[in-house]
>>> print(open('work35.cif').read())   # mmCIF, C-alpha atoms
data_entry
loop_
_atom_site.label_atom_id
_atom_site.label_comp_id
_atom_site.auth_asym_id
_atom_site.auth_seq_id
_atom_site.Cartn_x
_atom_site.Cartn_y
_atom_site.Cartn_z
CA MET A 1 -30.93 -29.89 -32.75
CA HIS A 2 -32.70 -31.70 -35.60
CA LYS A 3 -31.66 -31.38 -39.21
CA ASN A 4 -34.82 -29.53 -40.22
CA GLU A 5 -34.19 -27.00 -37.42
CA ILE A 6 -30.67 -26.38 -38.73
CA MET A 7 -31.96 -25.86 -42.26
CA TRP A 8 -34.67 -23.50 -41.02
CA ASN A 9 -32.14 -21.45 -39.09
CA TRP A 10 -29.85 -21.06 -42.08
CA ALA A 11 -32.72 -20.22 -44.40
CA SER A 12 -34.13 -17.58 -42.05
CA SER A 13 -30.73 -16.02 -41.43
CA LYS A 14 -29.99 -15.73 -45.13
CA SER A 15 -33.06 -13.59 -45.59
CA GLU A 16 -32.01 -11.11 -42.91
CA GLY A 17 -30.29 -7.98 -44.10
CA HIS A 18 -31.77 -8.22 -47.64
CA THR A 19 -34.33 -5.62 -48.64
CA GLU A 20 -37.01 -6.41 -51.16
CA PRO A 21 -37.98 -3.67 -53.63
CA ALA A 22 -41.12 -1.74 -52.66
CA GLU A 23 -44.24 -2.55 -54.68
CA ASP A 24 -44.62 1.07 -55.78
CA GLY A 25 -41.05 1.14 -57.08
CA SER A 26 -39.82 3.58 -54.44
CA LYS A 27 -36.41 3.21 -52.82
CA PRO A 28 -36.65 0.51 -50.15
CA SER A 29 -35.84 1.34 -46.56
CA GLN A 30 -32.54 0.03 -45.25
CA PRO A 31 -32.56 -2.84 -42.74
CA PRO A 32 -31.80 -1.85 -39.14
CA ILE A 33 -28.40 -2.31 -37.55
CA GLN A 34 -28.59 -5.07 -34.94
CA VAL A 35 -26.71 -4.73 -31.65
CA LEU A 36 -26.52 -7.90 -29.57
CA VAL A 37 -26.50 -6.84 -25.90
CA ILE A 38 -25.42 -9.59 -23.53
CA GLN A 39 -26.89 -8.60 -20.18
CA LEU A 40 -29.40 -10.75 -18.36
CA GLY A 41 -31.89 -9.45 -15.84
CA GLN A 42 -30.88 -5.79 -15.71
CA TYR A 43 -32.06 -2.78 -17.66
CA ASP A 44 -34.11 -2.69 -20.85
CA TRP A 45 -31.66 -2.19 -23.70
CA GLU A 46 -34.38 -2.31 -26.35
CA ALA A 47 -35.86 0.79 -24.71
CA ILE A 48 -32.44 2.42 -24.23
CA PHE A 49 -31.75 2.10 -27.99
CA SER A 50 -35.32 2.96 -29.02
CA GLY A 51 -35.39 5.70 -31.67
CA THR A 52 -31.61 5.59 -32.19
CA LYS A 53 -30.36 6.15 -35.74
CA LEU A 54 -27.00 6.27 -37.48
CA ARG A 55 -25.86 9.29 -39.48
CA ASP A 56 -27.11 7.65 -42.67
CA GLY A 57 -30.62 7.26 -41.23
CA ARG A 58 -30.51 3.55 -40.44
CA ASN A 59 -32.26 2.49 -37.26
CA VAL A 60 -30.30 0.78 -34.49
CA VAL A 61 -32.10 -1.99 -32.61
CA ALA A 62 -30.92 -3.92 -29.57
CA ILE A 63 -31.47 -7.63 -29.01
CA GLN A 64 -30.91 -8.33 -25.31
CA VAL A 65 -29.91 -11.81 -24.15
CA GLY A 66 -27.94 -13.66 -21.52
CA TRP A 67 -25.03 -15.96 -22.35
CA GLU A 68 -27.21 -18.93 -21.41
CA ASP A 69 -29.82 -17.89 -23.98
CA ILE A 70 -27.66 -18.22 -27.11
CA LEU A 71 -25.75 -20.52 -29.43
CA VAL A 72 -23.18 -19.17 -31.90
CA ASN A 73 -21.96 -20.45 -35.25
CA ALA A 74 -19.98 -18.69 -37.96
CA ASP A 75 -18.15 -19.53 -41.19
CA THR A 76 -15.98 -17.99 -43.89
CA PHE A 77 -17.81 -19.54 -46.85
CA SER A 78 -20.38 -16.75 -47.08
CA SER A 79 -19.72 -13.13 -48.01
CA ASP A 80 -21.67 -12.19 -44.87
CA ARG A 81 -19.12 -12.70 -42.11
CA ARG A 82 -21.56 -11.91 -39.29
CA PRO A 83 -22.14 -14.85 -36.96
CA ILE A 84 -25.45 -16.61 -36.67
CA VAL A 85 -26.72 -16.32 -33.11
CA GLU A 86 -29.59 -18.61 -32.13
CA VAL A 87 -31.63 -17.10 -29.29
CA ARG A 88 -33.78 -19.58 -27.38
CA ALA A 89 -37.41 -18.92 -26.59
CA THR A 90 -38.17 -17.50 -23.15
CA ALA A 91 -41.33 -16.73 -21.21
CA THR A 92 -41.51 -13.32 -22.86
CA SER A 93 -39.99 -13.83 -26.32
CA LYS A 94 -40.00 -16.27 -29.23
CA ARG A 95 -37.02 -18.21 -30.51
CA GLN A 96 -35.16 -16.16 -33.10
CA THR A 97 -32.06 -16.04 -35.26
CA VAL A 98 -29.90 -12.91 -35.19
CA ARG A 99 -26.94 -11.79 -37.29
CA PRO A 100 -25.48 -9.04 -35.12
CA ASP A 101 -23.57 -6.11 -36.60
CA PHE A 102 -22.17 -5.23 -33.19
CA VAL A 103 -21.90 -6.75 -29.70
CA LEU A 104 -22.11 -5.07 -26.31
CA VAL A 105 -21.09 -7.43 -23.50
CA ARG A 106 -22.30 -6.35 -20.05
CA ASN A 107 -22.24 -9.73 -18.25
CA GLU A 108 -19.24 -11.69 -17.00
CA VAL A 109 -18.02 -14.46 -19.29
CA VAL A 110 -16.56 -16.58 -16.47
CA THR A 111 -18.24 -16.88 -13.07
CA PRO A 112 -17.88 -19.45 -10.27
CA THR A 113 -20.68 -21.52 -11.83
CA CYS A 114 -20.42 -20.86 -15.58
CA ASP A 115 -17.81 -20.47 -18.30
CA TRP A 116 -19.12 -19.04 -21.57
CA ARG A 117 -15.79 -18.66 -23.35
CA GLN A 118 -16.90 -21.04 -26.12
CA LEU A 119 -19.57 -18.49 -27.10
CA LEU A 120 -17.12 -15.60 -26.86
CA SER A 121 -14.73 -17.61 -29.06
CA GLY A 122 -17.40 -17.83 -31.77
CA LEU A 123 -17.86 -14.06 -31.73
CA LEU A 124 -14.08 -13.64 -31.86
CA PHE A 125 -13.87 -15.99 -34.84
CA ALA A 126 -16.49 -13.92 -36.65
CA ASP A 127 -14.56 -10.73 -35.83
CA VAL A 128 -17.68 -8.90 -34.68
CA PRO A 129 -16.92 -5.33 -33.56
CA SER A 130 -17.73 -4.70 -29.91
CA ILE A 131 -17.31 -2.55 -26.81
CA ASN A 132 -15.04 -3.36 -25.11
CA SER A 133 -13.06 -5.28 -27.73
CA LEU A 134 -13.69 -9.02 -27.69
CA ASN A 135 -9.95 -9.59 -27.33
CA SER A 136 -9.87 -7.52 -24.13
CA ILE A 137 -12.94 -9.33 -22.79
CA TYR A 138 -11.20 -12.67 -23.38
CA GLN A 139 -8.10 -11.42 -21.52
CA PHE A 140 -10.23 -10.35 -18.57
CA CYS A 141 -11.36 -13.96 -18.20
CA ASP A 142 -7.88 -14.64 -16.79
CA ARG A 143 -7.14 -12.83 -13.53
CA ALA A 144 -3.41 -13.47 -13.95
CA ALA A 145 -3.40 -11.58 -17.26
CA MET A 146 -5.34 -8.68 -15.73
CA MET A 147 -3.17 -8.41 -12.63
CA GLY A 148 0.03 -8.82 -14.65
CA TYR A 149 -0.93 -5.77 -16.71
CA LEU A 150 -1.61 -3.75 -13.55
CA HIS A 151 1.79 -4.65 -12.13
CA ARG A 152 3.35 -3.56 -15.43
CA ILE A 153 1.78 -0.12 -15.05
CA ASN A 154 2.92 -0.04 -11.40
CA ARG A 155 6.54 -0.74 -12.42
CA ARG A 156 6.37 2.26 -14.75
CA LEU A 157 4.53 4.70 -12.50
CA GLY A 158 5.42 3.50 -9.01
CA ASN A 159 3.34 5.06 -6.24
CA GLU A 160 1.21 6.96 -8.75
CA PHE A 161 -0.42 3.59 -9.54
CA PRO A 162 -0.22 1.66 -6.23
CA VAL A 163 -1.10 -2.00 -6.86
CA VAL A 164 -1.29 -4.47 -3.97
CA LYS A 165 1.72 -6.82 -3.73
CA GLN A 166 1.01 -10.41 -4.80
CA HIS A 167 2.47 -13.89 -5.01
CA PHE A 168 1.39 -16.16 -7.89
CA ALA A 169 1.58 -19.96 -7.89
CA SER A 170 0.63 -22.11 -10.88
CA GLY A 171 -0.61 -24.87 -8.57
CA PHE A 172 -0.09 -26.55 -5.21
CA ARG A 173 3.35 -27.92 -6.15
CA SER A 174 4.73 -24.43 -6.73
CA PHE A 175 2.89 -22.89 -3.79
CA MET A 176 5.58 -21.46 -1.48
CA TYR A 177 4.44 -18.35 0.42
CA GLY A 178 6.75 -16.80 3.02
CA TYR A 179 5.58 -13.22 3.32
CA THR A 180 3.30 -11.41 5.76
CA PHE A 181 0.24 -12.65 7.64
CA PRO A 182 -2.67 -12.42 7.75
CA ALA A 183 -2.92 -13.00 4.01
CA VAL A 184 -5.65 -13.47 1.44
CA VAL A 185 -5.63 -16.33 -1.08
CA LYS A 186 -7.58 -16.07 -4.33
CA VAL A 187 -8.10 -19.21 -6.41
CA GLY A 188 -8.25 -18.97 -10.20
CA SER A 189 -10.30 -16.05 -11.48
CA ALA A 190 -11.93 -15.40 -8.08
CA HIS A 191 -15.06 -13.33 -8.56
CA ALA A 192 -17.28 -11.16 -6.34
CA GLY A 193 -16.04 -12.66 -3.07
CA ALA A 194 -16.09 -16.29 -4.24
CA GLY A 195 -12.85 -18.27 -4.25
CA LYS A 196 -11.17 -16.15 -1.56
CA MET A 197 -9.99 -16.98 1.97
CA MET A 198 -8.20 -15.13 4.73
CA ILE A 199 -5.25 -17.08 6.15
CA MET A 200 -3.92 -16.17 9.60
CA ASP A 201 -0.61 -18.06 9.75
CA HIS A 202 1.67 -20.69 8.16
CA ASN A 203 -0.30 -23.59 9.64
CA GLN A 204 -3.52 -22.46 7.99
CA MET A 205 -1.59 -21.85 4.78
CA ASN A 206 -0.40 -25.45 4.80
CA ASP A 207 -4.00 -26.58 5.22
CA PHE A 208 -5.02 -24.41 2.30
CA ARG A 209 -2.22 -25.88 0.17
CA SER A 210 -3.65 -29.36 0.77
CA VAL A 211 -7.04 -28.13 -0.46
CA LEU A 212 -5.42 -26.55 -3.51
CA ALA A 213 -3.99 -29.98 -4.33
CA MET A 214 -7.56 -31.12 -5.01
CA MET A 215 -7.84 -28.46 -7.74
CA PRO A 216 -5.02 -29.50 -10.11
CA ASN A 217 -6.07 -27.11 -12.90
CA GLN A 218 -6.23 -23.97 -10.75
CA HIS A 219 -3.59 -21.34 -10.05
CA CYS A 220 -3.80 -19.00 -7.10
CA PHE A 221 -2.68 -15.65 -5.75
CA VAL A 222 -1.66 -14.63 -2.25
CA GLU A 223 -1.58 -11.01 -1.09
CA PRO A 224 -1.31 -9.25 2.28
CA PHE A 225 -4.60 -8.75 4.08
CA ILE A 226 -5.42 -5.05 4.30
CA GLU A 227 -7.82 -3.92 6.99
CA GLY A 228 -9.79 -1.40 4.99
CA SER A 229 -11.61 1.65 6.27
CA TYR A 230 -13.50 1.85 2.95
CA ASP A 231 -13.24 0.98 -0.75
CA ILE A 232 -12.84 3.26 -3.75
CA ARG A 233 -14.31 2.56 -7.17
CA VAL A 234 -13.29 4.72 -10.13
CA GLN A 235 -15.52 4.29 -13.18
CA LYS A 236 -14.68 5.33 -16.74
CA ILE A 237 -17.17 5.24 -19.62
CA GLY A 238 -15.65 6.82 -22.70
CA SER A 239 -14.10 10.05 -21.44
CA HIS A 240 -16.49 10.39 -18.49
CA ILE A 241 -15.12 9.48 -15.05
CA ARG A 242 -16.96 9.00 -11.76
CA ALA A 243 -15.69 7.98 -8.31
CA PHE A 244 -17.49 6.20 -5.48
CA ARG A 245 -16.73 5.43 -1.87
CA ARG A 246 -18.10 2.15 -0.47
CA LEU A 247 -18.33 1.51 3.26
CA GLY A 248 -19.08 -2.03 4.45
CA LEU A 249 -21.82 -2.30 7.06
CA SER A 250 -22.03 -6.06 7.65
CA GLY A 251 -18.63 -6.63 9.27
CA GLU A 252 -17.39 -8.84 6.40
CA TRP A 253 -13.64 -8.77 5.81
CA LYS A 254 -14.47 -9.03 2.12
CA THR A 255 -15.52 -5.42 1.79
CA ASN A 256 -17.12 -5.99 -1.63
CA THR A 257 -19.67 -8.43 -0.18
CA GLY A 258 -22.52 -8.07 2.27
CA THR A 259 -24.39 -4.86 3.02
CA SER A 260 -22.62 -1.62 2.21
CA PHE A 261 -23.22 2.08 1.74
CA MET A 262 -21.94 3.51 -1.54
CA GLU A 263 -21.88 7.18 -2.47
CA GLU A 264 -20.51 9.21 -5.35
CA VAL A 265 -17.60 11.49 -4.42
CA PRO A 266 -15.57 14.09 -6.37
CA VAL A 267 -12.93 12.59 -8.66
CA GLU A 268 -9.41 13.13 -7.30
CA ALA A 269 -6.63 13.79 -9.83
CA ARG A 270 -4.77 10.60 -8.84
CA TRP A 271 -7.92 8.51 -9.38
CA GLU A 272 -8.33 10.02 -12.83
CA THR A 273 -4.75 8.91 -13.55
CA TRP A 274 -5.65 5.38 -12.46
CA ALA A 275 -8.63 5.26 -14.82
CA ASN A 276 -6.76 6.71 -17.78
CA GLU A 277 -3.85 4.31 -17.31
CA ALA A 278 -6.15 1.31 -16.95
CA ALA A 279 -7.91 2.37 -20.16
CA SER A 280 -4.74 1.38 -22.06
CA MET A 281 -5.08 -2.29 -21.08
CA PHE A 282 -5.31 -4.97 -23.78
CA GLY A 283 -5.46 -2.52 -26.67
CA GLY A 284 -7.85 -0.07 -25.01
CA LEU A 285 -10.92 -0.15 -22.76
CA GLU A 286 -13.91 2.14 -23.14
CA ILE A 287 -15.81 0.78 -20.13
CA LEU A 288 -13.89 0.02 -16.93
CA THR A 289 -13.81 0.33 -13.17
CA VAL A 290 -10.75 0.45 -10.90
CA ASP A 291 -11.31 -1.00 -7.41
CA ALA A 292 -9.05 0.03 -4.54
CA ILE A 293 -8.98 -0.25 -0.75
CA VAL A 294 -7.87 2.33 1.81
CA ASP A 295 -5.70 0.92 4.62
CA GLU A 296 -7.35 1.77 7.94
CA SER A 297 -4.06 2.13 9.80
CA THR A 298 -2.04 4.13 7.25
CA GLY A 299 -4.59 5.77 4.96
CA LYS A 300 -2.70 4.41 1.95
CA GLU A 301 -4.63 3.36 -1.14
CA TYR A 302 -4.01 0.05 -2.91
CA ILE A 303 -5.47 -0.94 -6.28
CA LEU A 304 -6.96 -4.45 -6.03
CA GLU A 305 -8.25 -5.01 -9.56
CA VAL A 306 -9.70 -3.55 -12.73
CA ASN A 307 -13.04 -4.67 -14.18
CA GLY A 308 -13.83 -4.35 -17.85
CA THR A 309 -16.98 -4.18 -19.92
CA SER A 310 -19.10 -6.05 -17.35
CA SER A 311 -18.55 -3.38 -14.67
CA GLY A 312 -21.70 -2.79 -12.66
CA LEU A 313 -23.31 0.65 -12.37
CA HIS A 314 -24.45 2.57 -9.31
CA PRO A 315 -28.28 2.55 -9.27
CA ASP A 316 -28.47 6.34 -8.87
CA CYS A 317 -26.32 6.86 -11.98
CA ALA A 318 -27.39 3.90 -14.11
CA GLU A 319 -29.78 5.78 -16.40
CA ASP A 320 -27.18 8.38 -17.35
CA ASP A 321 -24.38 5.85 -17.62
CA ASN A 322 -26.37 3.43 -19.78
CA SER A 323 -27.08 6.34 -22.12
CA ARG A 324 -23.35 7.03 -22.29
CA ILE A 325 -22.72 3.39 -23.14
CA ARG A 326 -25.37 3.52 -25.88
CA ASP A 327 -23.74 6.67 -27.29
CA LEU A 328 -20.35 4.91 -27.34
CA VAL A 329 -21.89 2.10 -29.39
CA VAL A 330 -23.56 4.52 -31.82
CA ASP A 331 -20.35 6.53 -32.25
CA ARG A 332 -18.45 3.34 -33.05
CA LEU A 333 -21.11 2.22 -35.53
CA ASN A 334 -21.04 5.61 -37.25
CA THR A 335 -17.27 5.29 -37.58
CA LEU A 336 -17.50 1.75 -38.94
CA LEU A 337 -20.51 2.10 -41.23
CA CYS A 338 -21.05 5.76 -42.07
CA THR A 339 -17.67 7.09 -43.15
CA GLY A 340 -18.19 10.10 -45.36
CA VAL A 341 -21.83 10.59 -44.37
CA ASN A 342 -22.48 14.05 -42.97
CA HIS A 343 -25.70 15.28 -41.37
#
>>> encode(input="work35.cif", output="structure tokens")
Amino acid sequence: MHKNEIMWNWASSKSEGHTEPAEDGSKPSQPPIQVLVIQLGQYDWEAIFSGTKLRDGRNVVAIQVGWEDILVNADTFSSDRRPIVEVRATATSKRQTVRPDFVLVRNEVVTPTCDWRQLLSGLLFADVPSINSLNSIYQFCDRAAMMGYLHRINRRLGNEFPVVKQHFASGFRSFMYGYTFPAVVKVGSAHAGAGKMMIMDHNQMNDFRSVLAMMPNQHCFVEPFIEGSYDIRVQKIGSHIRAFRRLGLSGEWKTNTGTSFMEEVPVEARWETWANEAASMFGGLEILTVDAIVDESTGKEYILEVNGTSSGLHPDCAEDDNSRIRDLVVDRLNTLLCTGVNH
């Protein structure tokens, strides 16, 4: 970035949030509250927030971007602690500078091909309020932290919160697995089927260990392979809970990949317990999904993981659920910015 671009960005951002007096001397309108929504390629958050106001009458506008679209800088020299977010020009929008009052993260921070934690770190530094909390989002970047919390709940609740058994190894040198086969290995923060293998016996496990040696900065998990009859997903947005049953149709052993049939089902009391317990993770989650598998031979349910603020929505329910997410954001903004305002 050239020096004149940097100066232009700072100059333009300083003008945001300041309201010039009206020419006729009337009380100027208040600037809108800006919500930075990080979700690329799905849904129209500008339309979802259209017409939304806080209790004090201020408009709420959404600026929708992907992680790859932005740069973040922030400082503590100014009285305005909001970060400066540079949004690159796209085919449909001009380059702009945003100082968000709030952040809604709906995309993964870490994927098999990208790691956007440096951008998340900038938002954390600026202490921008968000849903879910930025601290919890950072913790969810590490599968070991997420699974460790689930095992903590399991130790307290036992079979009421049945988490799959696991072995953790910090790297190939500490990799010593002597439990049941077939088994599933998951490397690092394995995501959406990537970074996972089924291992049939000790010989294959030794081969896998030699491959792990080529990834010196990666840890891994091993867990028993469960032949699933179907998956369960329990979704919680605020206080609202849904449950879904997903049946794989493509013959993949990774039941969350390939073609599947997914339907909403009534919420069982035990599933509600799972969602409410998971909502306590990392200081509290307002958007989450609990994924579990049902053992084909025993009918037992095993929790495999919890997803946070980037949890996907069922297409048939997305309109209602996105509205619930918007309402969560507005409720939080009213709490933060409109204390004592009654309408």
>>> atom_distance(input="work35.cif", atom1="CA of Met146 in chain A", atom2="CA of Arg117 in chain A")
16.3 Å
>>> closest_residue(input="work35.cif", among="A:Ile237, A:Met205, A:Val329, A:Leu336", to="Val35 in chain A", atoms="all atoms listed in the file")
A:Val329
>>> residues_around(input="work35.cif", residues="range 248-254 of chain A", least_positions_apart="2", cutoff="10 Å", atoms="all atoms listed in the file", output="PyMOL selection string")
chain A and resi 184+192-194+196-198+225-231+246+256-262
>>> closest_residue(input="work35.cif", among="A:His202, A:Arg324, A:Arg233, A:His167", to="Glu264 in chain A", atoms="only C-alpha atoms")
A:Arg233
>>> residues_near_point(input="work35.cif", point="(-1.8, 4.0, 5.3)", cutoff="12 Å", atoms="only C-alpha atoms", output="number ranges by chain")
A: 162, 226-229, 293-302
>>> atom_distance(input="work35.cif", atom1="CA of Ile48 in chain A", atom2="CA of Ile63 in chain A")
11.2 Å
>>> closest_residue(input="work35.cif", among="A:Ile232, A:Leu247, A:Leu134, A:Ala74", to="Val105 in chain A", atoms="only C-alpha atoms")
A:Leu134
>>> closest_residue(input="work35.cif", among="A:Val267, A:Phe282, A:Val163, A:Thr180", to="Tyr138 in chain A", atoms="all atoms listed in the file")
A:Phe282
>>> resolve_selection(input="work35.cif", expression="the PyMOL selection byres ((chain A and resi 305) around 8)", output="ChimeraX atom specification")
/A:146-147,150,290-292,303-304,306-307
>>> atom_distance(input="work35.cif", atom1="CA of Phe168 in chain A", atom2="CA of Asn135 in chain A")
23.4 Å
>>> closest_residue(input="work35.cif", among="A:Asn203, A:Glu68, A:Ser130, A:Met281", to="Ile325 in chain A", atoms="only C-alpha atoms")
A:Ser130
>>> residues_near_point(input="work35.cif", point="(-10.5, -21.7, -1.8)", cutoff="8 Å", atoms="all atoms listed in the file", output="list in words")
Val185, Lys186, Val187, Gly195, Lys196, Met197, Phe208, Val211 and Leu212 of chain A
>>> axis_aligned_box(input="work35.cif", around="range 324-332 of chain A", padding_each_side="4 Å", output="lines of an AutoDock Vina configuration file")
center_x = -21.9
center_y = 4.6
center_z = -27.7
size_x = 14.9
size_y = 12.9
size_z = 18.8
>>> residues_around(input="work35.cif", residues="Phe125 in chain A", least_positions_apart="2", cutoff="12 Å", atoms="all atoms listed in the file", output="mmCIF file with C-alpha atoms, keeping the file's coordinate frame")
data_model
loop_
_atom_site.group_PDB
_atom_site.id
_atom_site.type_symbol
_atom_site.label_atom_id
_atom_site.label_comp_id
_atom_site.auth_asym_id
_atom_site.auth_seq_id
_atom_site.Cartn_x
_atom_site.Cartn_y
_atom_site.Cartn_z
ATOM 1 C CA VAL A 72 -23.180 -19.170 -31.900
ATOM 2 C CA ASN A 73 -21.960 -20.450 -35.250
ATOM 3 C CA ALA A 74 -19.980 -18.690 -37.960
ATOM 4 C CA ASP A 75 -18.150 -19.530 -41.190
ATOM 5 C CA THR A 76 -15.980 -17.990 -43.890
ATOM 6 C CA ARG A 81 -19.120 -12.700 -42.110
ATOM 7 C CA ARG A 82 -21.560 -11.910 -39.290
ATOM 8 C CA PRO A 83 -22.140 -14.850 -36.960
ATOM 9 C CA ILE A 84 -25.450 -16.610 -36.670
ATOM 10 C CA ARG A 117 -15.790 -18.660 -23.350
ATOM 11 C CA GLN A 118 -16.900 -21.040 -26.120
ATOM 12 C CA LEU A 119 -19.570 -18.490 -27.100
ATOM 13 C CA LEU A 120 -17.120 -15.600 -26.860
ATOM 14 C CA SER A 121 -14.730 -17.610 -29.060
ATOM 15 C CA GLY A 122 -17.400 -17.830 -31.770
ATOM 16 C CA LEU A 123 -17.860 -14.060 -31.730
ATOM 17 C CA ASP A 127 -14.560 -10.730 -35.830
ATOM 18 C CA VAL A 128 -17.680 -8.900 -34.680
ATOM 19 C CA PRO A 129 -16.920 -5.330 -33.560
ATOM 20 C CA LEU A 134 -13.690 -9.020 -27.690
ATOM 21 C CA ASN A 135 -9.950 -9.590 -27.330
#
>>> build_atoms(input="work35.cif", residues="range 155-162 of chain A", atoms="all heavy atoms", output="tab-separated table (two decimals), keeping the file's coordinate frame")
chain	number	residue	atom	x	y	z
A	155	ARG	N	5.08	-0.83	-12.26
A	155	ARG	CA	6.54	-0.74	-12.42
A	155	ARG	C	6.94	0.54	-13.13
A	155	ARG	O	8.01	1.10	-12.88
A	155	ARG	CB	7.05	-1.96	-13.19
A	155	ARG	CG	7.02	-3.25	-12.37
A	155	ARG	CD	7.80	-4.36	-13.05
A	155	ARG	NE	7.19	-4.78	-14.30
A	155	ARG	CZ	6.26	-5.72	-14.40
A	155	ARG	NH1	5.79	-6.32	-13.31
A	155	ARG	NH2	5.77	-6.06	-15.58
A	156	ARG	N	6.07	1.03	-14.01
A	156	ARG	CA	6.37	2.26	-14.75
A	156	ARG	C	6.07	3.51	-13.94
A	156	ARG	O	6.83	4.47	-13.97
A	156	ARG	CB	5.58	2.25	-16.06
A	156	ARG	CG	5.73	3.51	-16.90
A	156	ARG	CD	5.20	3.31	-18.30
A	156	ARG	NE	3.84	2.83	-18.33
A	156	ARG	CZ	2.76	3.64	-18.24
A	156	ARG	NH1	2.92	4.96	-18.13
A	156	ARG	NH2	1.54	3.13	-18.30
A	157	LEU	N	4.97	3.49	-13.19
A	157	LEU	CA	4.53	4.70	-12.50
A	157	LEU	C	4.81	4.71	-11.00
A	157	LEU	O	4.70	5.75	-10.36
A	157	LEU	CB	3.02	4.90	-12.71
A	157	LEU	CG	2.55	5.14	-14.15
A	157	LEU	CD1	1.04	5.33	-14.17
A	157	LEU	CD2	3.25	6.33	-14.77
A	158	GLY	N	5.13	3.55	-10.44
A	158	GLY	CA	5.42	3.50	-9.01
A	158	GLY	C	4.20	3.84	-8.18
A	158	GLY	O	3.09	3.36	-8.42
A	159	ASN	N	4.39	4.72	-7.18
A	159	ASN	CA	3.34	5.06	-6.24
A	159	ASN	C	2.17	5.83	-6.87
A	159	ASN	O	1.13	5.99	-6.23
A	159	ASN	CB	3.91	5.87	-5.08
A	159	ASN	CG	4.80	5.03	-4.19
A	159	ASN	OD1	4.64	3.82	-4.10
A	159	ASN	ND2	5.77	5.68	-3.54
A	160	GLU	N	2.33	6.30	-8.09
A	160	GLU	CA	1.21	6.96	-8.75
A	160	GLU	C	0.14	5.94	-9.17
A	160	GLU	O	-1.00	6.33	-9.47
A	160	GLU	CB	1.69	7.72	-9.99
A	160	GLU	CG	2.59	8.91	-9.69
A	160	GLU	CD	3.00	9.63	-10.95
A	160	GLU	OE1	2.25	9.56	-11.96
A	160	GLU	OE2	4.07	10.26	-10.95
A	161	PHE	N	0.53	4.67	-9.19
A	161	PHE	CA	-0.42	3.59	-9.54
A	161	PHE	C	-0.15	2.44	-8.58
A	161	PHE	O	0.47	1.44	-8.92
A	161	PHE	CB	-0.19	3.17	-11.00
A	161	PHE	CG	-1.32	2.36	-11.59
A	161	PHE	CD1	-2.42	3.00	-12.15
A	161	PHE	CD2	-1.29	0.97	-11.59
A	161	PHE	CE1	-3.46	2.26	-12.71
A	161	PHE	CE2	-2.30	0.24	-12.15
A	161	PHE	CZ	-3.40	0.88	-12.71
A	162	PRO	N	-0.63	2.57	-7.31
A	162	PRO	CA	-0.22	1.66	-6.23
A	162	PRO	C	-1.01	0.34	-6.24
A	162	PRO	O	-2.13	0.27	-5.73
A	162	PRO	CB	-0.53	2.47	-4.98
A	162	PRO	CG	-1.69	3.33	-5.38
A	162	PRO	CD	-1.52	3.64	-6.83
